[in-house]
$ cat my_file.cif   # mmCIF, C-alpha atoms and all ligand atoms
data_protein
loop_
_atom_site.group_PDB
_atom_site.id
_atom_site.type_symbol
_atom_site.label_atom_id
_atom_site.label_comp_id
_atom_site.auth_asym_id
_atom_site.auth_seq_id
_atom_site.Cartn_x
_atom_site.Cartn_y
_atom_site.Cartn_z
ATOM 1 C CA MET A 704 114.502 118.283 141.843
ATOM 2 C CA ARG A 705 112.241 116.387 144.184
ATOM 3 C CA ILE A 706 109.298 118.280 145.672
ATOM 4 C CA ILE A 707 107.653 117.367 148.951
ATOM 5 C CA GLU A 708 104.341 119.142 149.463
ATOM 6 C CA VAL A 709 103.245 119.807 153.029
ATOM 7 C CA LYS A 710 100.216 121.454 154.595
ATOM 8 C CA ASP A 711 101.697 124.571 156.149
ATOM 9 C CA TYR A 712 104.752 126.279 157.657
ATOM 10 C CA GLN A 713 104.621 124.086 160.747
ATOM 11 C CA GLN A 714 104.632 120.870 158.699
ATOM 12 C CA MET A 715 107.416 122.218 156.486
ATOM 13 C CA SER A 716 109.508 122.932 159.577
ATOM 14 C CA LYS A 717 108.824 119.515 161.085
ATOM 15 C CA ARG A 718 109.598 117.701 157.840
ATOM 16 C CA ALA A 719 112.787 119.699 157.268
ATOM 17 C CA ALA A 720 113.977 119.032 160.815
ATOM 18 C CA GLU A 721 113.342 115.286 160.407
ATOM 19 C CA TYR A 722 115.317 115.377 157.172
ATOM 20 C CA ILE A 723 118.267 117.099 158.847
ATOM 21 C CA ILE A 724 118.164 114.931 161.995
ATOM 22 C CA ASN A 725 118.228 111.801 159.867
ATOM 23 C CA LYS A 726 121.363 113.024 158.081
ATOM 24 C CA VAL A 727 123.047 114.017 161.369
ATOM 25 C CA VAL A 728 122.341 110.592 162.865
ATOM 26 C CA GLN A 729 123.729 108.864 159.755
ATOM 27 C CA ASN A 730 126.824 111.079 159.759
ATOM 28 C CA PRO A 731 127.562 112.728 163.144
ATOM 29 C CA SER A 732 130.471 114.689 161.582
ATOM 30 C CA ILE A 733 128.278 116.121 158.842
ATOM 31 C CA LYS A 734 129.106 119.562 157.392
ATOM 32 C CA LEU A 735 125.862 121.501 157.357
ATOM 33 C CA GLY A 736 125.219 124.671 155.390
ATOM 34 C CA LEU A 737 122.739 126.870 157.231
ATOM 35 C CA ALA A 738 120.447 129.718 156.258
ATOM 36 C CA THR A 739 118.847 132.617 158.092
ATOM 37 C CA GLY A 740 115.603 134.528 157.478
ATOM 38 C CA GLY A 741 112.088 133.747 158.640
ATOM 39 C CA THR A 742 111.805 130.475 156.712
ATOM 40 C CA PRO A 743 114.173 128.214 158.711
ATOM 41 C CA ILE A 744 113.220 129.515 162.198
ATOM 42 C CA GLY A 745 110.564 126.797 162.687
ATOM 43 C CA THR A 746 112.995 124.136 161.483
ATOM 44 C CA TYR A 747 115.597 125.253 164.026
ATOM 45 C CA LYS A 748 112.916 125.234 166.730
ATOM 46 C CA SER A 749 112.079 121.625 165.834
ATOM 47 C CA LEU A 750 115.780 120.679 165.919
ATOM 48 C CA ILE A 751 116.027 122.134 169.427
ATOM 49 C CA GLU A 752 112.901 120.269 170.575
ATOM 50 C CA ASP A 753 114.294 117.023 169.193
ATOM 51 C CA HIS A 754 117.673 117.663 170.829
ATOM 52 C CA GLN A 755 115.996 118.196 174.201
ATOM 53 C CA LYS A 756 113.656 115.230 173.837
ATOM 54 C CA ASN A 757 115.744 112.649 171.983
ATOM 55 C CA GLY A 758 119.274 113.889 172.615
ATOM 56 C CA THR A 759 120.395 114.105 168.980
ATOM 57 C CA SER A 760 123.960 115.344 169.298
ATOM 58 C CA TYR A 761 125.668 118.063 167.247
ATOM 59 C CA GLN A 762 129.021 117.871 169.026
ATOM 60 C CA LYS A 763 130.869 116.709 165.915
ATOM 61 C CA VAL A 764 128.855 118.746 163.411
ATOM 62 C CA THR A 765 130.482 121.640 161.544
ATOM 63 C CA THR A 766 128.293 124.411 160.127
ATOM 64 C CA PHE A 767 128.764 127.074 157.476
ATOM 65 C CA ASN A 768 126.254 129.877 157.154
ATOM 66 C CA LEU A 769 125.438 131.359 153.802
ATOM 67 C CA ASP A 770 125.898 135.011 154.555
ATOM 68 C CA GLU A 771 126.277 137.992 156.891
ATOM 69 C CA TYR A 772 125.474 141.687 156.755
ATOM 70 C CA ILE A 773 128.432 144.010 156.268
ATOM 71 C CA GLY A 774 128.889 146.324 159.257
ATOM 72 C CA LEU A 775 127.082 144.234 161.882
ATOM 73 C CA SER A 776 129.115 142.590 164.619
ATOM 74 C CA SER A 777 128.144 139.365 166.382
ATOM 75 C CA ASP A 778 126.574 141.199 169.337
ATOM 76 C CA ASN A 779 124.230 143.171 167.055
ATOM 77 C CA LYS A 780 120.792 141.556 167.286
ATOM 78 C CA ASN A 781 120.308 141.795 163.529
ATOM 79 C CA SER A 782 123.572 140.093 162.619
ATOM 80 C CA TYR A 783 123.238 136.574 161.306
ATOM 81 C CA ARG A 784 125.737 135.355 163.927
ATOM 82 C CA TYR A 785 123.395 136.636 166.633
ATOM 83 C CA PHE A 786 120.432 135.066 164.793
ATOM 84 C CA MET A 787 122.086 131.645 164.653
ATOM 85 C CA ASN A 788 123.121 131.720 168.321
ATOM 86 C CA ASP A 789 119.677 132.881 169.328
ATOM 87 C CA HIS A 790 117.628 130.507 167.157
ATOM 88 C CA LEU A 791 119.778 127.377 167.301
ATOM 89 C CA PHE A 792 123.352 127.221 168.567
ATOM 90 C CA ASN A 793 122.646 128.343 172.153
ATOM 91 C CA TYR A 794 120.167 125.500 172.613
ATOM 92 C CA ILE A 795 121.971 122.471 171.193
ATOM 93 C CA ASP A 796 125.275 120.832 172.136
ATOM 94 C CA ILE A 797 127.180 122.174 169.127
ATOM 95 C CA ASN A 798 130.786 123.292 169.600
ATOM 96 C CA LYS A 799 130.605 127.005 168.653
ATOM 97 C CA ALA A 800 134.197 126.830 167.383
ATOM 98 C CA LYS A 801 132.841 124.573 164.646
ATOM 99 C CA THR A 802 130.184 127.079 163.562
ATOM 100 C CA ASN A 803 131.325 129.291 160.711
ATOM 101 C CA ILE A 804 129.715 132.529 159.540
ATOM 102 C CA PRO A 805 131.430 135.136 157.366
ATOM 103 C CA SER A 806 132.523 138.160 159.399
ATOM 104 C CA GLY A 807 130.586 141.360 158.800
ATOM 105 C CA ILE A 808 133.323 143.425 160.410
ATOM 106 C CA ALA A 809 136.488 141.935 158.913
ATOM 107 C CA PRO A 810 139.288 144.476 158.375
ATOM 108 C CA ASP A 811 139.743 143.271 154.791
ATOM 109 C CA PHE A 812 136.645 141.902 153.081
ATOM 110 C CA GLN A 813 138.433 140.472 150.028
ATOM 111 C CA GLU A 814 140.616 138.546 152.439
ATOM 112 C CA GLU A 815 137.541 137.428 154.391
ATOM 113 C CA CYS A 816 135.897 136.138 151.189
ATOM 114 C CA HIS A 817 139.008 134.061 150.376
ATOM 115 C CA ARG A 818 139.265 132.816 153.947
ATOM 116 C CA TYR A 819 135.637 131.685 153.974
ATOM 117 C CA GLU A 820 135.818 129.930 150.620
ATOM 118 C CA ASP A 821 139.025 128.268 151.711
ATOM 119 C CA ILE A 822 137.728 127.040 155.055
ATOM 120 C CA ILE A 823 134.764 125.364 153.347
ATOM 121 C CA SER A 824 137.107 123.591 150.906
ATOM 122 C CA ARG A 825 139.499 122.557 153.666
ATOM 123 C CA HIS A 826 136.610 120.815 155.408
ATOM 124 C CA GLY A 827 135.888 118.866 152.243
ATOM 125 C CA GLY A 828 132.829 120.926 151.279
ATOM 126 C CA ILE A 829 129.268 121.037 152.552
ATOM 127 C CA ASP A 830 127.288 117.800 152.770
ATOM 128 C CA LEU A 831 123.822 119.298 153.151
ATOM 129 C CA GLN A 832 122.973 122.937 152.457
ATOM 130 C CA ILE A 833 119.698 124.367 153.792
ATOM 131 C CA LEU A 834 118.339 127.178 151.626
ATOM 132 C CA GLY A 835 115.507 129.664 151.644
ATOM 133 C CA ILE A 836 114.623 131.767 148.623
ATOM 134 C CA GLY A 837 114.064 135.498 148.150
ATOM 135 C CA SER A 838 110.942 136.553 146.251
ATOM 136 C CA ASN A 839 113.281 137.770 143.474
ATOM 137 C CA GLY A 840 114.926 134.341 143.373
ATOM 138 C CA HIS A 841 117.977 135.195 145.452
ATOM 139 C CA ILE A 842 119.749 132.400 147.292
ATOM 140 C CA GLY A 843 122.067 133.374 150.126
ATOM 141 C CA PHE A 844 122.426 137.034 149.179
ATOM 142 C CA ASN A 845 123.115 136.294 145.522
ATOM 143 C CA GLU A 846 120.861 138.806 143.838
ATOM 144 C CA PRO A 847 119.567 138.570 140.240
ATOM 145 C CA GLY A 848 122.418 138.998 137.776
ATOM 146 C CA THR A 849 125.033 137.281 139.966
ATOM 147 C CA SER A 850 127.342 135.047 137.947
ATOM 148 C CA PHE A 851 126.705 131.330 138.346
ATOM 149 C CA GLY A 852 130.494 131.017 138.650
ATOM 150 C CA SER A 853 130.686 133.321 141.677
ATOM 151 C CA LYS A 854 132.489 132.339 144.868
ATOM 152 C CA THR A 855 132.131 134.015 148.286
ATOM 153 C CA HIS A 856 131.852 137.733 147.564
ATOM 154 C CA ILE A 857 130.527 141.128 148.643
ATOM 155 C CA VAL A 858 127.149 142.198 147.298
ATOM 156 C CA ASN A 859 124.992 145.305 147.152
ATOM 157 C CA LEU A 860 121.559 144.244 148.347
ATOM 158 C CA ALA A 861 118.640 144.774 145.968
ATOM 159 C CA PRO A 862 116.089 147.381 147.138
ATOM 160 C CA SER A 863 113.453 144.592 147.271
ATOM 161 C CA THR A 864 115.689 142.536 149.612
ATOM 162 C CA ILE A 865 116.295 145.531 151.888
ATOM 163 C CA GLN A 866 112.537 146.134 151.923
ATOM 164 C CA ALA A 867 111.757 142.459 152.665
ATOM 165 C CA ASN A 868 114.304 142.235 155.474
ATOM 166 C CA ALA A 869 113.327 145.575 157.039
ATOM 167 C CA ARG A 870 110.769 143.695 159.146
ATOM 168 C CA PHE A 871 113.589 142.464 161.367
ATOM 169 C CA PHE A 872 114.901 146.013 162.023
ATOM 170 C CA SER A 873 113.237 148.937 163.807
ATOM 171 C CA ARG A 874 113.690 151.225 160.767
ATOM 172 C CA ILE A 875 114.425 150.457 157.114
ATOM 173 C CA GLU A 876 117.375 152.895 157.264
ATOM 174 C CA GLU A 877 119.064 150.481 159.670
ATOM 175 C CA VAL A 878 119.149 147.617 157.140
ATOM 176 C CA PRO A 879 122.704 147.287 155.818
ATOM 177 C CA THR A 880 123.035 147.845 152.080
ATOM 178 C CA LYS A 881 125.859 145.344 151.646
ATOM 179 C CA ALA A 882 126.480 141.751 152.633
ATOM 180 C CA ILE A 883 129.053 138.998 152.291
ATOM 181 C CA THR A 884 127.650 135.812 150.821
ATOM 182 C CA MET A 885 128.723 132.401 149.610
ATOM 183 C CA GLY A 886 128.676 132.547 145.824
ATOM 184 C CA ILE A 887 126.431 130.524 143.558
ATOM 185 C CA SER A 888 129.234 128.104 142.679
ATOM 186 C CA THR A 889 130.019 127.718 146.409
ATOM 187 C CA ILE A 890 126.399 126.745 147.065
ATOM 188 C CA LEU A 891 126.243 124.418 144.065
ATOM 189 C CA LYS A 892 129.290 122.504 145.294
ATOM 190 C CA SER A 893 127.240 121.225 148.263
ATOM 191 C CA LYS A 894 126.619 117.520 147.894
ATOM 192 C CA GLU A 895 122.946 117.932 148.677
ATOM 193 C CA ILE A 896 120.552 120.884 148.951
ATOM 194 C CA LEU A 897 117.327 121.237 150.927
ATOM 195 C CA LEU A 898 115.258 124.234 149.801
ATOM 196 C CA LEU A 899 112.425 125.421 152.053
ATOM 197 C CA ILE A 900 109.577 127.471 150.605
ATOM 198 C CA SER A 901 106.540 128.682 152.503
ATOM 199 C CA GLY A 902 103.774 131.204 152.046
ATOM 200 C CA GLU A 903 101.971 133.399 149.577
ATOM 201 C CA LYS A 904 104.965 135.734 149.070
ATOM 202 C CA LYS A 905 107.052 132.859 147.662
ATOM 203 C CA LYS A 906 104.421 131.551 145.235
ATOM 204 C CA ASP A 907 105.771 133.371 142.188
ATOM 205 C CA ALA A 908 109.359 132.462 143.024
ATOM 206 C CA LEU A 909 108.508 128.758 143.237
ATOM 207 C CA CYS A 910 106.530 128.906 140.000
ATOM 208 C CA ARG A 911 109.409 130.654 138.218
ATOM 209 C CA LEU A 912 111.897 128.185 139.663
ATOM 210 C CA LEU A 913 109.986 125.179 138.406
ATOM 211 C CA ASN A 914 108.702 126.509 135.095
ATOM 212 C CA GLY A 915 111.271 129.108 134.043
ATOM 213 C CA LYS A 916 114.591 128.821 132.231
ATOM 214 C CA ILE A 917 117.943 128.457 133.946
ATOM 215 C CA ASN A 918 119.166 132.026 133.878
ATOM 216 C CA GLU A 919 121.317 134.364 135.984
ATOM 217 C CA SER A 920 118.400 136.802 136.167
ATOM 218 C CA PHE A 921 116.790 134.291 138.546
ATOM 219 C CA PRO A 922 119.605 132.898 140.746
ATOM 220 C CA ALA A 923 117.653 129.962 142.233
ATOM 221 C CA SER A 924 117.118 128.549 138.716
ATOM 222 C CA VAL A 925 120.703 127.256 138.891
ATOM 223 C CA LEU A 926 119.497 124.621 141.359
ATOM 224 C CA LYS A 927 118.098 122.726 138.381
ATOM 225 C CA ASN A 928 121.714 121.995 137.422
ATOM 226 C CA HIS A 929 122.320 120.285 140.765
ATOM 227 C CA PRO A 930 121.850 116.506 140.936
ATOM 228 C CA CYS A 931 120.430 116.345 144.452
ATOM 229 C CA VAL A 932 117.921 119.040 145.418
ATOM 230 C CA THR A 933 114.875 118.455 147.608
ATOM 231 C CA ILE A 934 112.251 121.176 147.946
ATOM 232 C CA ILE A 935 109.852 121.161 150.874
ATOM 233 C CA ALA A 936 107.055 123.599 150.042
ATOM 234 C CA ASP A 937 103.736 124.302 151.694
ATOM 235 C CA LYS A 938 100.344 124.293 149.983
ATOM 236 C CA VAL A 939 100.061 128.088 149.779
ATOM 237 C CA ALA A 940 103.425 128.409 148.000
ATOM 238 C CA ILE A 941 102.600 125.545 145.659
ATOM 239 C CA ALA A 942 99.001 126.628 144.948
ATOM 240 C CA ASP A 943 99.230 127.765 141.325
ATOM 241 C CA LEU A 944 101.530 125.090 139.960
HETATM 242 C C1 LIG A 1001 117.448 136.620 153.190
HETATM 243 C C2 LIG A 1001 118.628 135.637 153.347
HETATM 244 C C3 LIG A 1001 118.376 134.384 152.537
HETATM 245 C C4 LIG A 1001 116.941 133.958 152.781
HETATM 246 C C5 LIG A 1001 116.019 134.921 152.090
HETATM 247 C C6 LIG A 1001 114.552 134.681 152.378
HETATM 248 O O1 LIG A 1001 117.795 137.841 152.674
HETATM 249 N N1 LIG A 1001 119.905 136.145 153.014
HETATM 250 O O2 LIG A 1001 119.300 133.389 152.917
HETATM 251 O O3 LIG A 1001 116.712 132.685 152.244
HETATM 252 O O4 LIG A 1001 116.397 136.254 152.340
HETATM 253 O O5 LIG A 1001 114.211 135.123 153.653
HETATM 254 P P1 LIG A 1001 112.891 134.711 154.398
HETATM 255 O O6 LIG A 1001 113.040 133.284 154.764
HETATM 256 O O7 LIG A 1001 112.826 135.601 155.601
HETATM 257 O O8 LIG A 1001 111.768 134.940 153.460
#
$ encode --input "my_file.cif" --output "structure tokens" --more "lines below"
Ligand code: GLP
Amino acid sequence: MRIIEVKDYQQMSKRAAEYIINKVVQNPSIKLGLATGGTPIGTYKSLIEDHQKNGTSYQKVTTFNLDEYIGLSSDNKNSYRYFMNDHLFNYIDINKAKTNIPSGIAPDFQEECHRYEDIISRHGGIDLQILGIGSNGHIGFNEPGTSFGSKTHIVNLAPSTIQANARFFSRIEEVPTKAITMGISTILKSKEILLLISGEKKKDALCRLLNGKINESFPASVLKNHPCVTIIADKVAIADL
């Protein structure tokens, strides 16, 4: 794993956006894996600024998001589909038909998991996956204990994840308790991974990722098995290493 240390959240976002833009310019039909949460918001903002200023085009890009809450439809402000439209897709020239996010309201969730896994494969897999990390080491919504062999599946969210994500909702009771997420093996199949880590709350996770063993009790540790991972982390997150 290659680590790029940057000053702060703003620099992380700028650096990550440059990284992504460079890949999009090299391969306009790139398949991008995208993440939600607070971490990538600044990166998406920088992508929009670049699109408006320099005209980088996303017309041929296909995207696959990591996950979605079960029970939230696309017009719910807390759904990840709404998040992606609101933080990125509405402001760049991407073809929304080429943006894929698991459905949180599918009639049959097992079927939806198969469909999602299948659509990624049919596109030849993800070229560059953007990832954040949960403080318990989750990637996507793969909580501690998830099998490294897992494909897209339904998960029960850990109480710590519900607590951490409650900041986006008006009341903690509104946070869904289940989600649909790409599995660990789905994520690991990406040709390249860009992991973004910022802030005090992620310090322990980064330390455990770099110094701990590869173990299902800490899902992100599996990234050490991947041949092409770049971490962009800010000084606060990196402090104790
Ligand atoms: C969420 C998302 C993850 C994200 C993580 C960290 O639950 N499912 O994809 O990486 O938690 O979120 P944040 O960036 O807000 O700290």
$ atom_distance --input "my_file.cif" --atom1 "CA of Ala940 in chain A" --atom2 "CA of Tyr712 in chain A"
10.0 Å
$ residues_near_ligand --input "my_file.cif" --ligand "ligand LIG 1001 (chain A)" --cutoff "7 Å" --atoms "all atoms listed in the file" --output "list in words"
Ala738, Thr739, Gly740, Gly741, Thr742, Pro743, Leu769, Asp770, Leu834, Gly835, Ile836, Gly837, His841, Ile842, Gly843, Phe844, Thr864 and Asn868 of chain A
$ resolve_selection --input "my_file.cif" --expression "the PyMOL selection byres (((chain A and resi 873-881) around 8) and not hetatm)" --output "list in words"
Tyr772, Ile773, Gly774, Ile857, Val858, Asn859, Leu860, Ile865, Gln866, Asn868, Ala869, Arg870, Phe871, Phe872, Ala882 and Ile883 of chain A
$ residues_around --input "my_file.cif" --residues "His929 in chain A" --least-positions-apart "3" --cutoff "10 Å" --atoms "all atoms listed in the file" --output "mmCIF file with C-alpha atoms, keeping the file's coordinate frame"
data_model
loop_
_atom_site.group_PDB
_atom_site.id
_atom_site.type_symbol
_atom_site.label_atom_id
_atom_site.label_comp_id
_atom_site.auth_asym_id
_atom_site.auth_seq_id
_atom_site.Cartn_x
_atom_site.Cartn_y
_atom_site.Cartn_z
ATOM 1 C CA MET A 704 114.502 118.283 141.843
ATOM 2 C CA ILE A 890 126.399 126.745 147.065
ATOM 3 C CA LEU A 891 126.243 124.418 144.065
ATOM 4 C CA LYS A 892 129.290 122.504 145.294
ATOM 5 C CA SER A 893 127.240 121.225 148.263
ATOM 6 C CA LYS A 894 126.619 117.520 147.894
ATOM 7 C CA GLU A 895 122.946 117.932 148.677
ATOM 8 C CA ILE A 896 120.552 120.884 148.951
ATOM 9 C CA SER A 924 117.118 128.549 138.716
ATOM 10 C CA VAL A 925 120.703 127.256 138.891
ATOM 11 C CA LEU A 926 119.497 124.621 141.359
ATOM 12 C CA VAL A 932 117.921 119.040 145.418
#
$ resolve_selection --input "my_file.cif" --expression "the PyMOL selection byres (((chain A and resi 848) around 9) and not hetatm)" --output "list in words"
Asn845, Glu846, Pro847, Thr849, Ser850, Phe851, Asn918, Glu919, Ser920, Phe921 and Pro922 of chain A
$ closest_residue --input "my_file.cif" --among "A:Lys726, A:Arg784, A:His790, A:Arg705" --to "Ser760 in chain A" --atoms "all atoms listed in the file"
A:Lys726
$ atom_distance --input "my_file.cif" --atom1 "CA of Thr746 in chain A" --atom2 "CA of Asp943 in chain A"
24.7 Å
$ resolve_selection --input "my_file.cif" --expression "the PyMOL selection byres (((chain A and resi 830) around 8) and not hetatm)" --output "ChimeraX atom specification"
/A:733-736,828-829,831-832,893-895
$ atom_distance --input "my_file.cif" --atom1 "CA of Gly745 in chain A" --atom2 "CA of Lys854 in chain A"
28.8 Å
$ residues_around --input "my_file.cif" --residues "range 810-826 of chain A" --least-positions-apart "4" --cutoff "7 Å" --atoms "only C-alpha atoms" --output "compact mmCIF listing (two decimals) with C-alpha atoms, keeping the file's coordinate frame"
# COMPACT_ATOMS: atom_id res chain seq x y z
CA PRO A 805 131.43 135.14 157.37
CA THR A 855 132.13 134.01 148.29
CA HIS A 856 131.85 137.73 147.56
$ axis_aligned_box --input "my_file.cif" --around "range 774-779 of chain A" --padding-each-side "3 Å" --output "AutoDock Vina command-line options"
--center_x 126.7 --center_y 142.8 --center_z 164.3 --size_x 10.9 --size_y 13.0 --size_z 16.1
$ residues_around --input "my_file.cif" --residues "Lys938 in chain A" --least-positions-apart "6" --cutoff "10 Å" --atoms "only C-alpha atoms" --output "list in words"
Glu708, Val709, Lys710, Asp711, Tyr712, Met715, Ile900, Ser901, Gly902, Glu903 and Lys906 of chain A
$ closest_residue --input "my_file.cif" --among "A:Gln755, A:Thr802, A:Ser776, A:Thr933" --to "Leu737 in chain A" --atoms "all atoms listed in the file"
A:Thr802
$ build_atoms --input "my_file.cif" --residues "range 878-901 of chain A" --atoms "N, CA and C atoms" --output "mmCIF file, keeping the file's coordinate frame"
data_model
loop_
_atom_site.group_PDB
_atom_site.id
_atom_site.type_symbol
_atom_site.label_atom_id
_atom_site.label_comp_id
_atom_site.auth_asym_id
_atom_site.auth_seq_id
_atom_site.Cartn_x
_atom_site.Cartn_y
_atom_site.Cartn_z
ATOM 1 N N VAL A 878 118.778 148.839 157.871
ATOM 2 C CA VAL A 878 119.149 147.617 157.140
ATOM 3 C C VAL A 878 120.433 147.885 156.361
ATOM 4 N N PRO A 879 121.463 147.070 156.579
ATOM 5 C CA PRO A 879 122.704 147.287 155.818
ATOM 6 C C PRO A 879 122.437 147.181 154.316
ATOM 7 N N THR A 880 123.233 147.875 153.536
ATOM 8 C CA THR A 880 123.035 147.845 152.080
ATOM 9 C C THR A 880 123.985 146.847 151.415
ATOM 10 N N LYS A 881 124.896 146.310 152.195
ATOM 11 C CA LYS A 881 125.859 145.344 151.646
ATOM 12 C C LYS A 881 125.918 144.098 152.515
ATOM 13 N N ALA A 882 126.321 143.003 151.887
ATOM 14 C CA ALA A 882 126.480 141.751 152.633
ATOM 15 C C ALA A 882 127.618 140.948 152.027
ATOM 16 N N ILE A 883 128.061 139.959 152.799
ATOM 17 C CA ILE A 883 129.053 138.998 152.291
ATOM 18 C C ILE A 883 128.313 137.662 152.175
ATOM 19 N N THR A 884 128.419 137.039 151.033
ATOM 20 C CA THR A 884 127.650 135.812 150.821
ATOM 21 C C THR A 884 128.467 134.737 150.109
ATOM 22 N N MET A 885 128.191 133.483 150.434
ATOM 23 C CA MET A 885 128.723 132.401 149.610
ATOM 24 C C MET A 885 128.262 132.687 148.190
ATOM 25 N N GLY A 886 129.086 132.334 147.215
ATOM 26 C CA GLY A 886 128.676 132.547 145.824
ATOM 27 C C GLY A 886 127.783 131.417 145.345
ATOM 28 N N ILE A 887 127.302 131.563 144.116
ATOM 29 C CA ILE A 887 126.431 130.524 143.558
ATOM 30 C C ILE A 887 127.225 129.227 143.368
ATOM 31 N N SER A 888 128.465 129.345 142.894
ATOM 32 C CA SER A 888 129.234 128.104 142.679
ATOM 33 C C SER A 888 129.582 127.458 144.017
ATOM 34 N N THR A 889 129.752 128.280 145.071
ATOM 35 C CA THR A 889 130.019 127.718 146.409
ATOM 36 C C THR A 889 128.812 126.879 146.830
ATOM 37 N N ILE A 890 127.627 127.438 146.651
ATOM 38 C CA ILE A 890 126.399 126.745 147.065
ATOM 39 C C ILE A 890 126.214 125.463 146.249
ATOM 40 N N LEU A 891 126.466 125.586 144.945
ATOM 41 C CA LEU A 891 126.243 124.418 144.065
ATOM 42 C C LEU A 891 127.197 123.263 144.329
ATOM 43 N N LYS A 892 128.335 123.573 144.985
ATOM 44 C CA LYS A 892 129.290 122.504 145.294
ATOM 45 C C LYS A 892 128.795 121.609 146.432
ATOM 46 N N SER A 893 127.774 122.058 147.170
ATOM 47 C CA SER A 893 127.240 121.225 148.263
ATOM 48 C C SER A 893 126.766 119.903 147.674
ATOM 49 N N LYS A 894 126.979 118.841 148.439
ATOM 50 C CA LYS A 894 126.619 117.520 147.894
ATOM 51 C C LYS A 894 125.107 117.385 147.766
ATOM 52 N N GLU A 895 124.397 118.037 148.685
ATOM 53 C CA GLU A 895 122.946 117.932 148.677
ATOM 54 C C GLU A 895 122.348 119.264 149.133
ATOM 55 N N ILE A 896 121.185 119.602 148.605
ATOM 56 C CA ILE A 896 120.552 120.884 148.951
ATOM 57 C C ILE A 896 119.099 120.654 149.371
ATOM 58 N N LEU A 897 118.716 121.300 150.454
ATOM 59 C CA LEU A 897 117.327 121.237 150.927
ATOM 60 C C LEU A 897 116.772 122.657 150.893
ATOM 61 N N LEU A 898 115.820 122.890 149.989
ATOM 62 C CA LEU A 898 115.258 124.234 149.801
ATOM 63 C C LEU A 898 113.878 124.300 150.452
ATOM 64 N N LEU A 899 113.692 125.286 151.319
ATOM 65 C CA LEU A 899 112.425 125.421 152.053
ATOM 66 C C LEU A 899 111.648 126.618 151.504
ATOM 67 N N ILE A 900 110.392 126.388 151.181
ATOM 68 C CA ILE A 900 109.577 127.471 150.605
ATOM 69 C C ILE A 900 108.200 127.472 151.256
ATOM 70 N N SER A 901 107.837 128.602 151.821
ATOM 71 C CA SER A 901 106.540 128.682 152.503
ATOM 72 C C SER A 901 105.868 130.032 152.255
#
